file upload.csv (CSV, C-alpha atoms)
chain,number,residue,atom,x,y,z
A,1,MET,CA,3.8,-21.6,67.0
A,2,MET,CA,5.6,-19.0,64.9
A,3,VAL,CA,4.2,-18.1,61.5
A,4,SER,CA,6.7,-17.0,58.9
A,5,LEU,CA,5.4,-14.4,56.4
A,6,HIS,CA,7.2,-14.0,53.2
A,7,CYS,CA,6.5,-10.9,51.0
A,8,ARG,CA,6.5,-11.8,47.3
A,9,ARG,CA,9.3,-10.1,45.4
A,10,GLY,CA,8.6,-7.8,42.5
A,11,PHE,CA,9.1,-8.7,38.8
A,12,SER,CA,12.6,-9.3,37.7
A,13,LEU,CA,13.9,-7.5,34.7
A,14,VAL,CA,13.6,-10.7,32.6
A,15,GLU,CA,10.0,-11.1,33.6
A,16,LEU,CA,9.2,-7.5,32.8
A,17,ALA,CA,10.9,-7.9,29.4
A,18,ILE,CA,8.7,-10.9,28.7
A,19,VAL,CA,5.5,-9.2,29.7
A,20,LEU,CA,6.3,-6.1,27.7
A,21,GLY,CA,7.2,-8.2,24.7
A,22,VAL,CA,3.8,-10.0,24.8
A,23,VAL,CA,2.0,-6.8,25.2
A,24,SER,CA,3.9,-5.3,22.3
A,25,ILE,CA,3.0,-8.3,20.1
A,26,ILE,CA,-0.7,-8.0,21.0
A,27,VAL,CA,-0.8,-4.2,20.4
A,28,ALA,CA,1.0,-4.6,17.1
A,29,GLY,CA,-1.5,-7.3,16.0
A,30,ILE,CA,-4.4,-5.1,16.9
A,31,TRP,CA,-2.8,-2.1,15.1
A,32,ASN,CA,-2.1,-4.2,11.9
A,33,TYR,CA,-5.7,-5.5,11.9
A,34,ALA,CA,-7.1,-2.0,12.3
A,35,GLY,CA,-4.9,-0.8,9.5
A,36,SER,CA,-6.0,-3.6,7.2
A,37,ALA,CA,-9.6,-3.0,8.0
A,38,ARG,CA,-9.2,0.7,7.2
A,39,GLN,CA,-7.5,0.0,3.9
A,40,THR,CA,-10.3,-2.5,3.0
A,41,ALA,CA,-12.9,0.1,3.7
A,42,ARG,CA,-11.0,2.7,1.6
A,43,ILE,CA,-10.8,0.4,-1.3
A,44,GLN,CA,-14.5,-0.3,-1.1
A,45,GLN,CA,-15.2,3.4,-1.0
A,46,ALA,CA,-13.1,3.9,-4.1
A,47,MET,CA,-15.0,1.2,-5.9
A,48,ASP,CA,-18.3,2.8,-4.9
A,49,ALA,CA,-17.0,6.2,-6.1
A,50,VAL,CA,-16.1,4.7,-9.5
A,51,ALA,CA,-19.6,3.3,-9.8
A,52,VAL,CA,-21.3,6.6,-8.8
A,53,LEU,CA,-19.1,8.6,-11.2
A,54,VAL,CA,-19.7,6.2,-14.1
A,55,ASP,CA,-23.4,6.4,-13.6
A,56,ALA,CA,-23.3,10.2,-13.2
A,57,THR,CA,-21.3,10.7,-16.4
A,58,ARG,CA,-23.5,8.5,-18.5
A,59,THR,CA,-26.6,10.2,-17.1
A,60,THR,CA,-25.2,13.7,-17.6
A,61,TYR,CA,-24.3,13.0,-21.2
A,62,ALA,CA,-27.2,10.7,-22.0
A,63,THR,CA,-28.9,13.2,-24.4
A,64,GLN,CA,-25.6,14.1,-26.2
A,65,SER,CA,-23.8,12.3,-29.0
A,66,GLY,CA,-20.6,12.1,-27.0
A,67,ILE,CA,-18.4,13.7,-24.4
A,68,ILE,CA,-15.7,16.3,-24.8
A,69,GLY,CA,-13.4,18.2,-22.5
A,70,GLY,CA,-10.8,17.7,-19.8
A,71,VAL,CA,-11.3,17.7,-16.0
A,72,PRO,CA,-12.2,21.5,-15.8
A,73,THR,CA,-15.1,20.9,-18.3
A,74,VAL,CA,-16.4,17.5,-17.1
A,75,VAL,CA,-16.1,17.7,-13.3
A,76,PRO,CA,-18.0,21.0,-12.8
A,77,ARG,CA,-20.8,19.7,-15.1
A,78,LEU,CA,-21.2,16.5,-13.1
A,79,VAL,CA,-21.3,18.6,-9.9
A,80,GLN,CA,-23.9,21.0,-11.3
A,81,THR,CA,-26.2,18.2,-12.4
A,82,GLY,CA,-26.0,16.8,-8.8
A,83,GLY,CA,-24.3,13.6,-9.9
A,84,VAL,CA,-21.5,13.8,-7.4
A,85,PRO,CA,-22.2,12.9,-3.8
A,86,PRO,CA,-21.0,15.4,-1.1
A,87,SER,CA,-18.5,12.8,0.3
A,88,LEU,CA,-16.5,13.2,-2.9
A,89,LEU,CA,-16.4,17.0,-2.9
A,90,ASN,CA,-13.9,19.3,-1.3
A,91,ASN,CA,-15.4,22.7,-1.3
A,92,THR,CA,-12.6,25.1,-0.5
A,93,THR,CA,-11.1,28.3,-1.9
A,94,THR,CA,-8.4,26.2,-3.6
A,95,THR,CA,-8.3,26.4,-7.4
A,96,CYS,CA,-7.8,23.1,-9.0
A,97,ASN,CA,-7.6,22.4,-12.7
A,98,LEU,CA,-8.9,25.9,-13.4
A,99,THR,CA,-12.0,25.1,-11.4
A,100,PRO,CA,-12.2,27.3,-8.3
A,101,SER,CA,-13.7,25.9,-5.0
A,102,THR,CA,-14.7,22.5,-6.3
A,103,TYR,CA,-12.7,19.3,-6.9
A,104,LEU,CA,-13.0,15.7,-6.1
A,105,ILE,CA,-11.4,13.8,-3.2
A,106,SER,CA,-10.2,10.3,-3.6
A,107,PRO,CA,-11.1,7.9,-0.7
A,108,LEU,CA,-7.6,6.5,-1.1
A,109,VAL,CA,-5.8,9.8,-0.2
A,110,SER,CA,-5.9,11.4,3.2
A,111,ASN,CA,-7.6,14.8,3.5
A,112,ALA,CA,-4.3,16.3,4.3
A,113,THR,CA,-3.0,15.6,0.9
A,114,ALA,CA,-6.2,15.5,-1.1
A,115,GLY,CA,-6.1,18.0,-3.9
A,116,CYS,CA,-5.8,18.5,-7.6
A,117,GLY,CA,-5.5,15.2,-9.4
A,118,THR,CA,-6.3,12.7,-6.7
A,119,LEU,CA,-9.7,11.9,-8.3
A,120,ALA,CA,-10.9,13.2,-11.7
A,121,VAL,CA,-13.2,12.5,-14.6
A,122,CYS,CA,-12.5,13.4,-18.2
A,123,ASP,CA,-13.1,12.5,-21.8
A,124,TRP,CA,-10.7,10.0,-23.3
A,125,PRO,CA,-9.8,10.4,-27.0
A,126,LEU,CA,-7.8,7.6,-28.7
A,127,GLY,CA,-4.2,7.9,-27.8
A,128,GLN,CA,-4.7,9.7,-24.5
A,129,THR,CA,-2.8,8.4,-21.5
A,130,ALA,CA,-4.0,10.6,-18.7
A,131,CYS,CA,-6.8,13.0,-18.0
A,132,ALA,CA,-6.3,16.5,-19.5
A,133,THR,CA,-6.1,19.2,-16.9
A,134,THR,CA,-7.3,21.9,-19.3
A,135,ALA,CA,-10.7,22.3,-20.9
A,136,GLY,CA,-9.3,21.9,-24.4
A,137,SER,CA,-11.2,21.4,-27.5
A,138,GLY,CA,-11.6,18.6,-30.0
A,139,SER,CA,-14.1,16.0,-31.3
A,140,LEU,CA,-16.8,14.3,-29.3
A,141,VAL,CA,-15.7,10.9,-28.2
A,142,GLN,CA,-17.4,7.8,-26.8
A,143,TYR,CA,-15.0,7.1,-23.9
A,144,PHE,CA,-14.4,8.7,-20.6
A,145,ALA,CA,-12.0,8.0,-17.7
A,146,ILE,CA,-12.2,7.9,-13.9
A,147,GLU,CA,-8.7,8.8,-12.8
A,148,PHE,CA,-7.1,8.1,-9.4
A,149,GLY,CA,-3.8,9.9,-8.7
A,150,THR,CA,-1.3,10.0,-5.8
A,151,LEU,CA,-1.8,6.3,-5.1
A,152,ASP,CA,0.5,4.3,-2.9
A,153,TYR,CA,1.6,0.9,-4.2
A,154,ALA,CA,-0.8,-1.3,-2.2
A,155,SER,CA,-3.8,0.8,-3.1
A,156,CYS,CA,-2.8,0.8,-6.8
A,157,VAL,CA,-2.4,-3.0,-7.0
A,158,THR,CA,-5.5,-3.8,-5.0
A,159,LEU,CA,-7.8,-1.4,-6.8
A,160,VAL,CA,-6.8,-2.8,-10.2
A,161,GLN,CA,-7.5,-6.3,-9.0
A,162,ARG,CA,-10.9,-5.4,-7.5
A,163,ILE,CA,-12.1,-3.3,-10.5
A,164,THR,CA,-11.1,-5.7,-13.3
A,165,PRO,CA,-13.5,-8.6,-12.6
A,166,ILE,CA,-16.6,-6.3,-13.0
A,167,LEU,CA,-15.5,-5.1,-16.5
A,168,PRO,CA,-17.9,-7.1,-18.6
A,169,VAL,CA,-21.1,-5.6,-17.1
A,170,SER,CA,-19.8,-2.1,-16.4
A,171,GLY,CA,-18.6,-1.2,-19.8
A,172,LEU,CA,-15.0,-0.9,-18.7
A,173,LYS,CA,-12.9,-0.6,-21.9
A,174,ASP,CA,-9.4,-0.4,-20.6
A,175,ILE,CA,-7.1,0.3,-17.6
A,176,TYR,CA,-4.1,2.5,-17.7
A,177,ILE,CA,-1.4,2.1,-15.0
A,178,ASN,CA,0.9,5.1,-14.9
A,179,GLY,CA,0.1,5.8,-18.5
A,180,ASN,CA,0.5,2.2,-19.7
A,181,PRO,CA,-2.6,0.6,-21.3
A,182,SER,CA,-3.6,-3.0,-20.5
A,183,ALA,CA,-2.2,-4.2,-23.8
A,184,SER,CA,1.3,-3.6,-22.5
A,185,LEU,CA,0.4,-5.2,-19.2
A,186,GLY,CA,-0.9,-8.6,-20.5
A,187,GLY,CA,-4.4,-7.5,-21.5
A,188,LEU,CA,-7.6,-7.4,-19.5
A,189,PRO,CA,-8.0,-8.6,-16.9
A,190,ILE,CA,-4.5,-7.3,-16.0
A,191,PRO,CA,-2.5,-10.1,-14.4
A,192,TYR,CA,-1.5,-9.6,-10.8
A,193,LEU,CA,2.3,-9.8,-11.6
A,194,ALA,CA,1.8,-7.0,-14.2
A,195,ALA,CA,-0.2,-4.9,-11.8
A,196,SER,CA,2.4,-5.3,-9.1
A,197,SER,CA,5.2,-4.3,-11.5
A,198,THR,CA,7.3,-7.5,-11.1
A,199,ALA,CA,9.4,-9.0,-13.8
A,200,PRO,CA,9.1,-8.9,-16.7
A,201,TYR,CA,6.8,-5.8,-16.3
A,202,VAL,CA,9.1,-3.6,-14.3
A,203,GLY,CA,8.4,0.1,-15.0
A,204,LEU,CA,4.9,-0.6,-16.4
A,205,GLY,CA,2.8,-1.5,-13.4
A,206,CYS,CA,2.2,0.1,-10.0
A,207,THR,CA,5.5,1.5,-8.8
A,208,PRO,CA,6.6,0.1,-5.3
A,209,ASN,CA,7.7,2.4,-2.5
A,210,VAL,CA,6.1,5.5,-3.9
A,211,SER,CA,2.8,7.3,-3.6
A,212,THR,CA,2.6,8.8,-7.0
A,213,ASN,CA,0.9,6.0,-9.0
A,214,THR,CA,-1.9,7.0,-11.3
A,215,LEU,CA,-4.8,4.7,-12.4
A,216,ASP,CA,-7.2,5.5,-15.3
A,217,PHE,CA,-10.3,3.3,-15.7
A,218,VAL,CA,-11.6,4.0,-19.2
A,219,TYR,CA,-15.3,3.4,-19.8
A,220,VAL,CA,-17.5,3.4,-22.9
A,221,LEU,CA,-20.1,6.2,-22.7
A,222,ARG,CA,-22.8,4.1,-24.4
A,223,THR,CA,-23.0,0.5,-23.2
A,224,PRO,CA,-24.6,-2.1,-25.5
A,225,SER,CA,-27.8,-2.0,-23.5
A,226,THR,CA,-28.2,1.7,-24.1
call {"tool": "encode", "arguments": {"input": "upload.csv", "output": "structure tokens"}}
result
Amino acid sequence: MMVSLHCRRGFSLVELAIVLGVVSIIVAGIWNYAGSARQTARIQQAMDAVAVLVDATRTTYATQSGIIGGVPTVVPRLVQTGGVPPSLLNNTTTTCNLTPSTYLISPLVSNATAGCGTLAVCDWPLGQTACATTAGSGSLVQYFAIEFGTLDYASCVTLVQRITPILPVSGLKDIYINGNPSASLGGLPIPYLAASSTAPYVGLGCTPNVSTNTLDFVYVLRTPST
């Protein structure tokens, strides 16, 4: 009896295209999930940084009647008192805000672009819309700000929405998005549509398709409990 052996042919171009398409979809799904997980982790790190810097500022100025000075005054003092964790410090020879060798790194900005203005702490006199980058002089005030700069759109919107719910217990007084106070954005908590800069808030909220958004979280130096 003769036995006929047939060798199986290889994949056709159509079959190869289908296989590659399925693999691409799987890889894209894994990549998107990993990216989402990284972003979630960065947002949480940013929230943790805010909590740490708020506590550090209140502790540093606990024995004083108020706070005064822009970033070059406040940040070095927080560093000197040990209130800033090493993870938020970039110790290089770069001079930022007149403060050589020391400035803060935002968890929401890559190390490649982290630099002056990506994370800052300053006093907040009435009428101010951004952290002053010079030491300056003036009167003691009861407010200070934690400022995030160079934010992309998604980070800007998400951080506003995540920080706002904790404002009653944290002493959060106001949120400024690109220099616009919450009063011009629907009040606190800032509505999602206002934070995401959709109609009728175009030009006030987080700006889409750019990475130059700035957020200022303004806190009272003395909470009611203190």
call {"tool": "atom_distance", "arguments": {"input": "upload.csv", "atom1": "atom CA of A:Pro72", "atom2": "atom CA of A:Leu151"}}
result
21.3 Å
call {"tool": "residues_around", "arguments": {"input": "upload.csv", "residues": "A:Leu159", "least_positions_apart": "3", "cutoff": "8 Å", "atoms": "all atoms listed in the file", "output": "mmCIF file with C-alpha atoms, in the frame of the given file"}}
result
data_model
loop_
_atom_site.group_PDB
_atom_site.id
_atom_site.type_symbol
_atom_site.label_atom_id
_atom_site.label_comp_id
_atom_site.auth_asym_id
_atom_site.auth_seq_id
_atom_site.Cartn_x
_atom_site.Cartn_y
_atom_site.Cartn_z
ATOM 1 C CA ILE A 43 -10.800 0.400 -1.300
ATOM 2 C CA ALA A 46 -13.100 3.900 -4.100
ATOM 3 C CA MET A 47 -15.000 1.200 -5.900
ATOM 4 C CA SER A 155 -3.800 0.800 -3.100
ATOM 5 C CA CYS A 156 -2.800 0.800 -6.800
ATOM 6 C CA ARG A 162 -10.900 -5.400 -7.500
ATOM 7 C CA ILE A 163 -12.100 -3.300 -10.500
#
call {"tool": "residues_near_point", "arguments": {"input": "upload.csv", "point": "(-15.7, 13.0, -7.6)", "cutoff": "12 Å", "atoms": "all atoms listed in the file", "output": "PyMOL selection string"}}
result
chain A and resi 45-57+71+74-79+82-91+102-107+114-122+145-148
call {"tool": "closest_atom_pairs", "arguments": {"input": "upload.csv", "of": "stretch 152-180 of chain A", "to": "stretch 202-223 of chain A", "cutoff": "9 Å", "atoms": "all atoms listed in the file", "output": "CSV"}}
result
residue,atom,partner,partner_atom,distance
A:Asp152,CA,A:Ser211,CA,3.8
A:Tyr153,CA,A:Pro208,CA,5.2
A:Ala154,CA,A:Pro208,CA,8.1
A:Cys156,CA,A:Cys206,CA,6.0
A:Val157,CA,A:Cys206,CA,6.3
A:Leu159,CA,A:Leu215,CA,8.8
A:Val160,CA,A:Leu215,CA,8.1
A:Ile163,CA,A:Phe217,CA,8.6
A:Val169,CA,A:Thr223,CA,8.8
A:Ser170,CA,A:Tyr219,CA,7.9
A:Gly171,CA,A:Val220,CA,5.7
A:Leu172,CA,A:Tyr219,CA,4.4
A:Lys173,CA,A:Tyr219,CA,5.1
A:Asp174,CA,A:Val218,CA,5.1
A:Ile175,CA,A:Phe217,CA,4.8
A:Tyr176,CA,A:Asp216,CA,4.9
A:Ile177,CA,A:Leu215,CA,5.0
A:Asn178,CA,A:Thr214,CA,4.9
A:Gly179,CA,A:Thr214,CA,7.6
A:Asn180,CA,A:Leu204,CA,6.2
call {"tool": "atom_distance", "arguments": {"input": "upload.csv", "atom1": "atom CA of A:Gln161", "atom2": "atom CA of A:Gln39"}}
result
14.4 Å
call {"tool": "atom_distance", "arguments": {"input": "upload.csv", "atom1": "atom CA of A:Ser184", "atom2": "atom CA of A:Ala135"}}
result
28.6 Å
call {"tool": "closest_residue", "arguments": {"input": "upload.csv", "among": "A:Pro125, A:Arg58, A:Leu108, A:Ser65", "to": "A:Gly138", "atoms": "all atoms listed in the file"}}
result
A:Pro125
